[in-house]
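Text of the file protein_12.csv, holding CSV, C-alpha atoms:
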chain,number,residue,atom,x,y,z
A,843,MET,CA,-66.6,-2.0,-24.1
A,844,PHE,CA,-66.1,-5.6,-25.1
A,845,PRO,CA,-62.7,-7.3,-24.8
A,846,SER,CA,-60.6,-6.9,-28.0
A,847,TRP,CA,-61.0,-10.6,-28.8
A,848,LEU,CA,-64.8,-10.6,-28.6
A,849,THR,CA,-66.1,-9.4,-31.9
A,850,SER,CA,-68.9,-9.8,-34.4
A,851,LYS,CA,-70.4,-8.0,-37.4
A,852,GLU,CA,-71.7,-4.6,-36.4
A,853,PRO,CA,-74.8,-5.6,-34.5
A,854,SER,CA,-78.2,-4.5,-35.6
A,855,THR,CA,-80.5,-3.0,-33.0
A,856,ASP,CA,-82.2,-6.3,-32.6
A,857,SER,CA,-79.0,-8.3,-32.1
A,858,ALA,CA,-77.5,-5.7,-29.9
A,859,ASN,CA,-80.5,-6.1,-27.6
A,860,GLU,CA,-80.7,-9.9,-28.0
A,861,ARG,CA,-81.4,-11.8,-24.7
A,862,HIS,CA,-80.7,-15.4,-23.8
A,863,ALA,CA,-83.8,-17.5,-24.7
A,864,VAL,CA,-83.6,-19.5,-21.4
A,865,LEU,CA,-81.6,-17.3,-18.9
A,866,GLY,CA,-83.0,-14.0,-20.0
A,867,THR,CA,-79.6,-12.2,-19.8
A,868,ALA,CA,-78.2,-10.0,-22.6
A,869,LEU,CA,-76.0,-11.9,-24.9
A,870,ARG,CA,-73.6,-9.0,-25.6
A,871,ALA,CA,-73.5,-7.4,-22.1
A,872,PRO,CA,-70.0,-6.3,-20.9
A,873,LEU,CA,-68.6,-8.4,-18.1
A,874,LEU,CA,-69.1,-7.4,-14.5
A,875,SER,CA,-66.2,-7.3,-12.0
A,876,ASP,CA,-67.1,-10.8,-10.6
A,877,GLN,CA,-67.6,-12.5,-14.0
A,878,GLU,CA,-65.3,-14.3,-16.4
A,879,GLU,CA,-65.7,-15.7,-19.8
A,880,ALA,CA,-64.1,-18.5,-21.9
A,881,ILE,CA,-64.8,-20.4,-25.1
A,882,PHE,CA,-65.4,-24.1,-25.6
A,883,ALA,CA,-65.8,-26.3,-28.6
A,884,CYS,CA,-67.1,-29.8,-28.3
A,885,GLY,CA,-68.9,-30.8,-31.5
A,886,CYS,CA,-72.1,-29.2,-32.8
A,887,PHE,CA,-72.6,-26.0,-30.8
A,888,TRP,CA,-76.4,-26.6,-30.4
A,889,GLY,CA,-76.0,-29.3,-27.9
A,890,ALA,CA,-72.8,-28.0,-26.3
A,891,GLU,CA,-74.5,-24.7,-25.5
A,892,LYS,CA,-77.4,-26.4,-23.7
A,893,GLY,CA,-74.9,-28.4,-21.6
A,894,PHE,CA,-73.3,-25.1,-20.3
A,895,TRP,CA,-76.4,-22.9,-19.8
A,896,ARG,CA,-77.9,-25.5,-17.4
A,897,LEU,CA,-75.0,-25.2,-14.9
A,898,PRO,CA,-75.7,-23.1,-11.8
A,899,GLY,CA,-73.7,-19.9,-11.8
A,900,VAL,CA,-73.6,-19.6,-15.6
A,901,VAL,CA,-74.8,-16.1,-16.5
A,902,SER,CA,-75.0,-16.4,-20.2
A,903,THR,CA,-74.0,-18.5,-23.2
A,904,ALA,CA,-73.8,-17.8,-26.9
A,905,VAL,CA,-72.8,-19.8,-29.9
A,906,GLY,CA,-70.3,-18.7,-32.5
A,907,TYR,CA,-67.1,-19.3,-34.3
A,908,ALA,CA,-63.5,-19.1,-33.2
A,909,GLY,CA,-60.0,-20.4,-33.9
A,910,GLY,CA,-59.9,-19.5,-37.6
A,911,GLN,CA,-58.4,-16.9,-39.9
A,912,ASN,CA,-61.2,-15.1,-41.6
A,913,GLN,CA,-63.0,-12.2,-39.9
A,914,HIS,CA,-66.8,-12.3,-39.4
A,915,PRO,CA,-67.4,-15.7,-41.0
A,916,SER,CA,-70.9,-17.0,-41.8
A,917,TYR,CA,-72.3,-20.4,-40.8
A,918,GLN,CA,-72.0,-21.5,-44.5
A,919,GLU,CA,-68.4,-20.3,-44.7
A,920,VAL,CA,-67.4,-22.2,-41.5
A,921,CYS,CA,-69.2,-25.3,-42.6
A,922,SER,CA,-67.1,-25.3,-45.8
A,923,GLY,CA,-64.0,-26.0,-43.6
A,924,ARG,CA,-62.0,-23.3,-45.4
A,925,THR,CA,-62.0,-20.6,-42.7
A,926,GLY,CA,-60.3,-22.6,-40.0
A,927,HIS,CA,-63.0,-21.9,-37.4
A,928,THR,CA,-64.6,-24.3,-35.1
A,929,GLU,CA,-68.2,-24.2,-33.7
A,930,VAL,CA,-67.9,-22.8,-30.2
A,931,VAL,CA,-69.8,-21.7,-27.1
A,932,ARG,CA,-68.9,-18.5,-25.3
A,933,VAL,CA,-69.7,-19.0,-21.6
A,934,VAL,CA,-70.0,-16.1,-19.1
A,935,TRP,CA,-70.2,-17.1,-15.4
A,936,SER,CA,-70.3,-15.7,-11.9
A,937,THR,CA,-67.0,-16.4,-10.2
A,938,PRO,CA,-68.4,-16.6,-6.7
A,939,ALA,CA,-71.0,-19.2,-7.8
A,940,ILE,CA,-69.0,-21.5,-10.1
A,941,ASP,CA,-65.3,-22.1,-10.8
A,942,PHE,CA,-63.6,-22.5,-14.2
A,943,SER,CA,-62.7,-26.0,-12.9
A,944,ASP,CA,-66.4,-26.9,-13.0
A,945,LEU,CA,-66.7,-25.7,-16.5
A,946,LEU,CA,-63.7,-27.8,-17.5
A,947,LYS,CA,-65.3,-30.8,-15.9
A,948,LEU,CA,-68.4,-30.4,-18.0
A,949,PHE,CA,-66.3,-29.8,-21.1
A,950,TRP,CA,-64.1,-32.8,-20.9
A,951,GLU,CA,-66.9,-35.2,-19.8
A,952,CYS,CA,-69.5,-34.1,-22.3
A,953,HIS,CA,-67.7,-35.2,-25.5
A,954,ASP,CA,-64.9,-37.3,-26.8
A,955,PRO,CA,-61.8,-35.1,-27.0
A,956,THR,CA,-59.7,-37.7,-28.8
A,957,GLN,CA,-61.6,-37.6,-32.2
A,958,GLY,CA,-59.7,-34.9,-34.0
A,959,ASP,CA,-61.7,-33.1,-36.7
A,960,ARG,CA,-64.8,-35.0,-35.7
A,961,GLN,CA,-67.5,-35.5,-33.0
A,962,GLY,CA,-69.7,-38.4,-33.6
A,963,ASN,CA,-71.1,-38.4,-37.1
A,964,ASP,CA,-70.1,-34.7,-37.7
A,965,THR,CA,-66.8,-34.5,-39.5
A,966,GLY,CA,-64.6,-31.5,-40.4
A,967,SER,CA,-62.3,-29.1,-38.7
A,968,GLN,CA,-65.4,-27.0,-37.6
A,969,TYR,CA,-66.2,-29.8,-35.1
A,970,ARG,CA,-62.8,-30.1,-33.5
A,971,SER,CA,-62.5,-29.9,-29.7
A,972,ALA,CA,-61.0,-26.7,-28.3
A,973,VAL,CA,-60.7,-24.5,-25.2
A,974,TYR,CA,-59.9,-20.8,-25.8
A,975,THR,CA,-59.0,-19.1,-22.5
A,976,THR,CA,-59.1,-15.4,-21.6
A,977,THR,CA,-56.9,-15.3,-18.5
A,978,ALA,CA,-53.5,-16.7,-17.5
A,979,GLN,CA,-55.1,-18.7,-14.7
A,980,GLN,CA,-57.6,-20.2,-17.1
A,981,MET,CA,-54.8,-21.4,-19.3
A,982,THR,CA,-53.0,-23.0,-16.3
A,983,LEU,CA,-56.1,-24.8,-15.3
A,984,ALA,CA,-57.0,-25.9,-18.8
A,985,LEU,CA,-53.6,-27.5,-19.3
A,986,ALA,CA,-53.6,-29.2,-15.9
A,987,SER,CA,-57.1,-30.6,-16.5
A,988,LYS,CA,-56.0,-31.9,-19.9
A,989,GLU,CA,-53.1,-33.8,-18.4
A,990,SER,CA,-55.3,-35.3,-15.7
A,991,TYR,CA,-58.1,-36.2,-18.2
A,992,GLN,CA,-55.5,-37.8,-20.5
A,993,ASN,CA,-54.4,-40.1,-17.7
A,994,GLY,CA,-58.0,-41.1,-17.1
A,995,LEU,CA,-58.7,-41.7,-20.8
A,996,ALA,CA,-55.5,-43.7,-21.3
A,997,ALA,CA,-56.5,-46.0,-18.4
A,998,LYS,CA,-59.8,-46.7,-20.3
A,999,GLY,CA,-58.0,-47.4,-23.6
A,1000,PHE,CA,-58.6,-44.1,-25.3
A,1001,GLY,CA,-55.9,-42.4,-27.4
A,1002,PRO,CA,-54.3,-39.0,-27.2
A,1003,ILE,CA,-56.4,-35.9,-26.6
A,1004,THR,CA,-56.6,-33.7,-29.7
A,1005,THR,CA,-58.2,-30.7,-28.0
A,1006,GLU,CA,-56.8,-27.3,-29.2
A,1007,ILE,CA,-56.0,-25.0,-26.2
A,1008,LYS,CA,-55.1,-21.4,-27.0
A,1009,ALA,CA,-55.5,-18.0,-25.4
A,1010,ASP,CA,-57.5,-14.9,-26.6
A,1011,GLN,CA,-59.0,-16.2,-29.8
A,1012,PRO,CA,-61.4,-13.8,-31.5
A,1013,PHE,CA,-65.0,-14.9,-31.0
A,1014,TYR,CA,-67.7,-14.2,-33.7
A,1015,PHE,CA,-71.3,-14.5,-32.8
A,1016,ALA,CA,-73.3,-17.0,-34.9
A,1017,GLU,CA,-76.5,-16.0,-36.6
A,1018,THR,CA,-79.5,-15.3,-34.3
A,1019,TYR,CA,-81.3,-18.5,-35.3
A,1020,HIS,CA,-78.5,-20.6,-33.9
A,1021,GLN,CA,-78.5,-19.0,-30.4
A,1022,GLN,CA,-80.0,-21.4,-27.8
A,1023,TYR,CA,-81.3,-23.4,-30.7
A,1024,LEU,CA,-82.5,-26.4,-28.7
A,1025,ALA,CA,-84.7,-24.3,-26.5
A,1026,LYS,CA,-86.6,-22.7,-29.3
A,1027,PRO,CA,-90.0,-24.0,-30.6
A,1028,GLY,CA,-89.7,-26.2,-33.6
A,1029,SER,CA,-86.0,-26.9,-33.2
A,1030,ARG,CA,-84.7,-30.1,-34.5
A,1031,PRO,CA,-83.3,-32.1,-31.5
A,1032,TYR,CA,-79.7,-32.7,-32.4
A,1033,CYS,CA,-76.4,-33.2,-30.5
A,1034,SER,CA,-73.3,-34.8,-31.8
A,1035,ALA,CA,-71.5,-35.3,-28.5
A,1036,MET,CA,-70.0,-38.7,-27.8
A,1037,PRO,CA,-69.1,-38.8,-24.1
A,1038,THR,CA,-66.4,-41.2,-23.0
A,1039,GLN,CA,-67.9,-41.9,-19.5
A,1040,VAL,CA,-64.4,-41.0,-18.1
A,1041,VAL,CA,-64.8,-38.7,-15.1
A,1042,LEU,CA,-62.4,-35.7,-14.6
A,1043,GLU,CA,-60.9,-36.2,-11.2
A,1044,GLY,CA,-59.2,-33.5,-9.2
A,1045,PHE,CA,-56.2,-31.8,-10.8
A,1046,GLU,CA,-53.6,-29.2,-9.8
A,1047,GLY,CA,-55.3,-25.9,-9.0
A,1048,ALA,CA,-58.9,-27.4,-9.2
A,1049,ASN,CA,-61.5,-25.7,-7.1
A,1050,PHE,CA,-64.8,-27.4,-7.8
A,1051,LYS,CA,-67.8,-25.5,-6.4
A,1052,LEU,CA,-70.8,-27.5,-7.7
A,1053,PRO,CA,-72.2,-30.3,-5.6
A,1054,SER,CA,-72.5,-33.9,-6.8
A,1055,HIS,CA,-76.3,-33.7,-7.4
A,1056,VAL,CA,-75.7,-31.2,-10.2
A,1057,TRP,CA,-73.5,-33.7,-12.1
A,1058,ALA,CA,-76.1,-36.4,-11.6
A,1059,GLN,CA,-78.3,-34.5,-14.0
A,1060,TYR,CA,-75.9,-35.4,-16.8
A,1061,ASN,CA,-76.0,-39.1,-17.7
A,1062,TRP,CA,-72.8,-39.7,-19.7
A,1063,GLU,CA,-73.8,-43.3,-20.3
A,1064,VAL,CA,-76.2,-42.0,-22.9
A,1065,SER,CA,-74.8,-40.4,-26.1
A,1066,HIS,CA,-76.2,-36.9,-26.8
A,1067,CYS,CA,-77.6,-36.9,-23.3
A,1068,VAL,CA,-78.5,-33.1,-23.3
A,1069,LEU,CA,-81.4,-33.9,-25.6
A,1070,ARG,CA,-83.0,-35.9,-22.8
A,1071,SER,CA,-82.7,-33.2,-20.2
A,1072,ASP,CA,-84.8,-30.2,-19.3
A,1073,ASN,CA,-83.9,-26.8,-20.8
A,1074,GLN,CA,-83.9,-25.0,-17.5
A,1075,PRO,CA,-80.9,-24.4,-15.3
A,1076,ILE,CA,-80.1,-27.1,-12.7
A,1077,SER,CA,-81.2,-26.1,-9.2
A,1078,LEU,CA,-78.7,-26.1,-6.4
A,1079,VAL,CA,-81.4,-27.1,-3.9
Would you mind writing the structure in this file as structure tokens?
Amino acid sequence: MFPSWLTSKEPSTDSANERHAVLGTALRAPLLSDQEEAIFACGCFWGAEKGFWRLPGVVSTAVGYAGGQNQHPSYQEVCSGRTGHTEVVRVVWSTPAIDFSDLLKLFWECHDPTQGDRQGNDTGSQYRSAVYTTTAQQMTLALASKESYQNGLAAKGFGPITTEIKADQPFYFAETYHQQYLAKPGSRPYCSAMPTQVVLEGFEGANFKLPSHVWAQYNWEVSHCVLRSDNQPISLV
């Protein structure tokens, strides 16, 4: 069974069997004992999802909606700004291979978490920055990383972080055509992320597992950098 916070409209046979366009894994598979999941929002979910699926140790990603009031919202409803949801990426990962700290590093560095209801040219509450955790340890790490990153941002002249951090928010799968959008033939290359070029340093409880050459694949000096990268997962070799 899925966790109580993970939900969607009753899946059709096709969506219930839907597989990740790059990783080949089932989008709606129950977690294994050595897996965890969390939800991240950092602007348009097309580019955000690609950033996460490329990390070694990530098992699956899916885009959707979270943080709002209405149940089972559609893309059009979320875009209206009236449902309270933000565009998000659900990430499932192997805990022996990658730590939540690594995912937080990508999250904070891949966008500007000080922009409020906006990311780049995309404006509205559906583009706000957020981390929705699923365990107590994830919440502890998310808050500690936020404090550390705020210190780094302030040193570079940025304002307060506006990222919303909450636990156990219902996740609603987005429509099939949004899933792994940037990897599909004919997709419109688009990403709203505006990285600050501030690096997330170590923070209390951090246990980074990925080597430096993985992070070298993300050039934060270039806005929307995921558009200039390969779709395939980054190799550890």
Proximity check region 1030-1067 of chain A to region 972-981 of chain A, 12 Å, nearest pairs one decimal Å, all atoms listed in the file, as CSV:
residue,atom,partner,partner_atom,distance
A:Glu1046,CA,A:Gln979,CA,11.7
A:Gly1047,CA,A:Gln979,CA,9.2
A:Ala1048,CA,A:Gln980,CA,10.8
Excluding same-chain residues fewer than 5 positions from Ser990 (chain A), what lies within 10 Å of it counting all atoms listed in the file, as a PyMOL selection string? chain A and resi 985+995+1042-1046
Please provide the set of residues having any atom within 6 Å of region 937-952 of chain A, restricted to only C-alpha atoms, with same-chain residues fewer than 6 positions apart removed, written as a ChimeraX atom specification. /A:876-877,899,1037,1042,1048-1051
I want to know what sits within 7 Å of region 878-885 of chain A, based on all atoms listed in the file, with residues of the same chain fewer than 5 positions away left out; could you give that as a ChimeraX atom specification? /A:873,890,928-937,953,961,969-976,1034-1035
Which distance in Å separates CA of Leu1069 (chain A) and CA of Thr956 (chain A), to one decimal? 22.3 Å
Since the input lacks some atoms of region 1052-1064 of chain A, please model N, CA and C atoms and print them as a tab-separated table (two decimals), in the frame of the given file.
chain	number	residue	atom	x	y	z
A	1052	LEU	N	-69.45	-26.89	-7.53
A	1052	LEU	CA	-70.80	-27.50	-7.70
A	1052	LEU	C	-70.92	-28.79	-6.98
A	1053	PRO	N	-72.04	-29.04	-6.31
A	1053	PRO	CA	-72.20	-30.30	-5.60
A	1053	PRO	C	-72.51	-31.47	-6.54
A	1054	SER	N	-72.40	-32.67	-6.01
A	1054	SER	CA	-72.50	-33.90	-6.80
A	1054	SER	C	-73.89	-34.02	-7.48
A	1055	HIS	N	-74.95	-33.51	-6.83
A	1055	HIS	CA	-76.30	-33.70	-7.40
A	1055	HIS	C	-76.44	-32.94	-8.73
A	1056	VAL	N	-75.64	-31.90	-8.94
A	1056	VAL	CA	-75.70	-31.20	-10.20
A	1056	VAL	C	-75.18	-32.11	-11.33
A	1057	TRP	N	-74.08	-32.78	-11.07
A	1057	TRP	CA	-73.50	-33.70	-12.10
A	1057	TRP	C	-74.36	-34.89	-12.33
A	1058	ALA	N	-75.19	-35.25	-11.38
A	1058	ALA	CA	-76.10	-36.40	-11.60
A	1058	ALA	C	-77.14	-36.11	-12.63
A	1059	GLN	N	-77.31	-34.83	-13.00
A	1059	GLN	CA	-78.30	-34.50	-14.00
A	1059	GLN	C	-77.75	-34.76	-15.44
A	1060	TYR	N	-76.46	-35.09	-15.54
A	1060	TYR	CA	-75.90	-35.40	-16.80
A	1060	TYR	C	-75.53	-36.92	-16.83
A	1061	ASN	N	-76.21	-37.67	-17.65
A	1061	ASN	CA	-76.00	-39.10	-17.70
A	1061	ASN	C	-75.06	-39.42	-18.89
A	1062	TRP	N	-73.77	-39.54	-18.60
A	1062	TRP	CA	-72.80	-39.70	-19.70
A	1062	TRP	C	-72.84	-41.14	-20.27
A	1063	GLU	N	-73.65	-42.02	-19.69
A	1063	GLU	CA	-73.80	-43.30	-20.30
A	1063	GLU	C	-74.66	-43.29	-21.55
A	1064	VAL	N	-75.33	-42.16	-21.75
A	1064	VAL	CA	-76.20	-42.00	-22.90
A	1064	VAL	C	-75.60	-40.96	-23.84
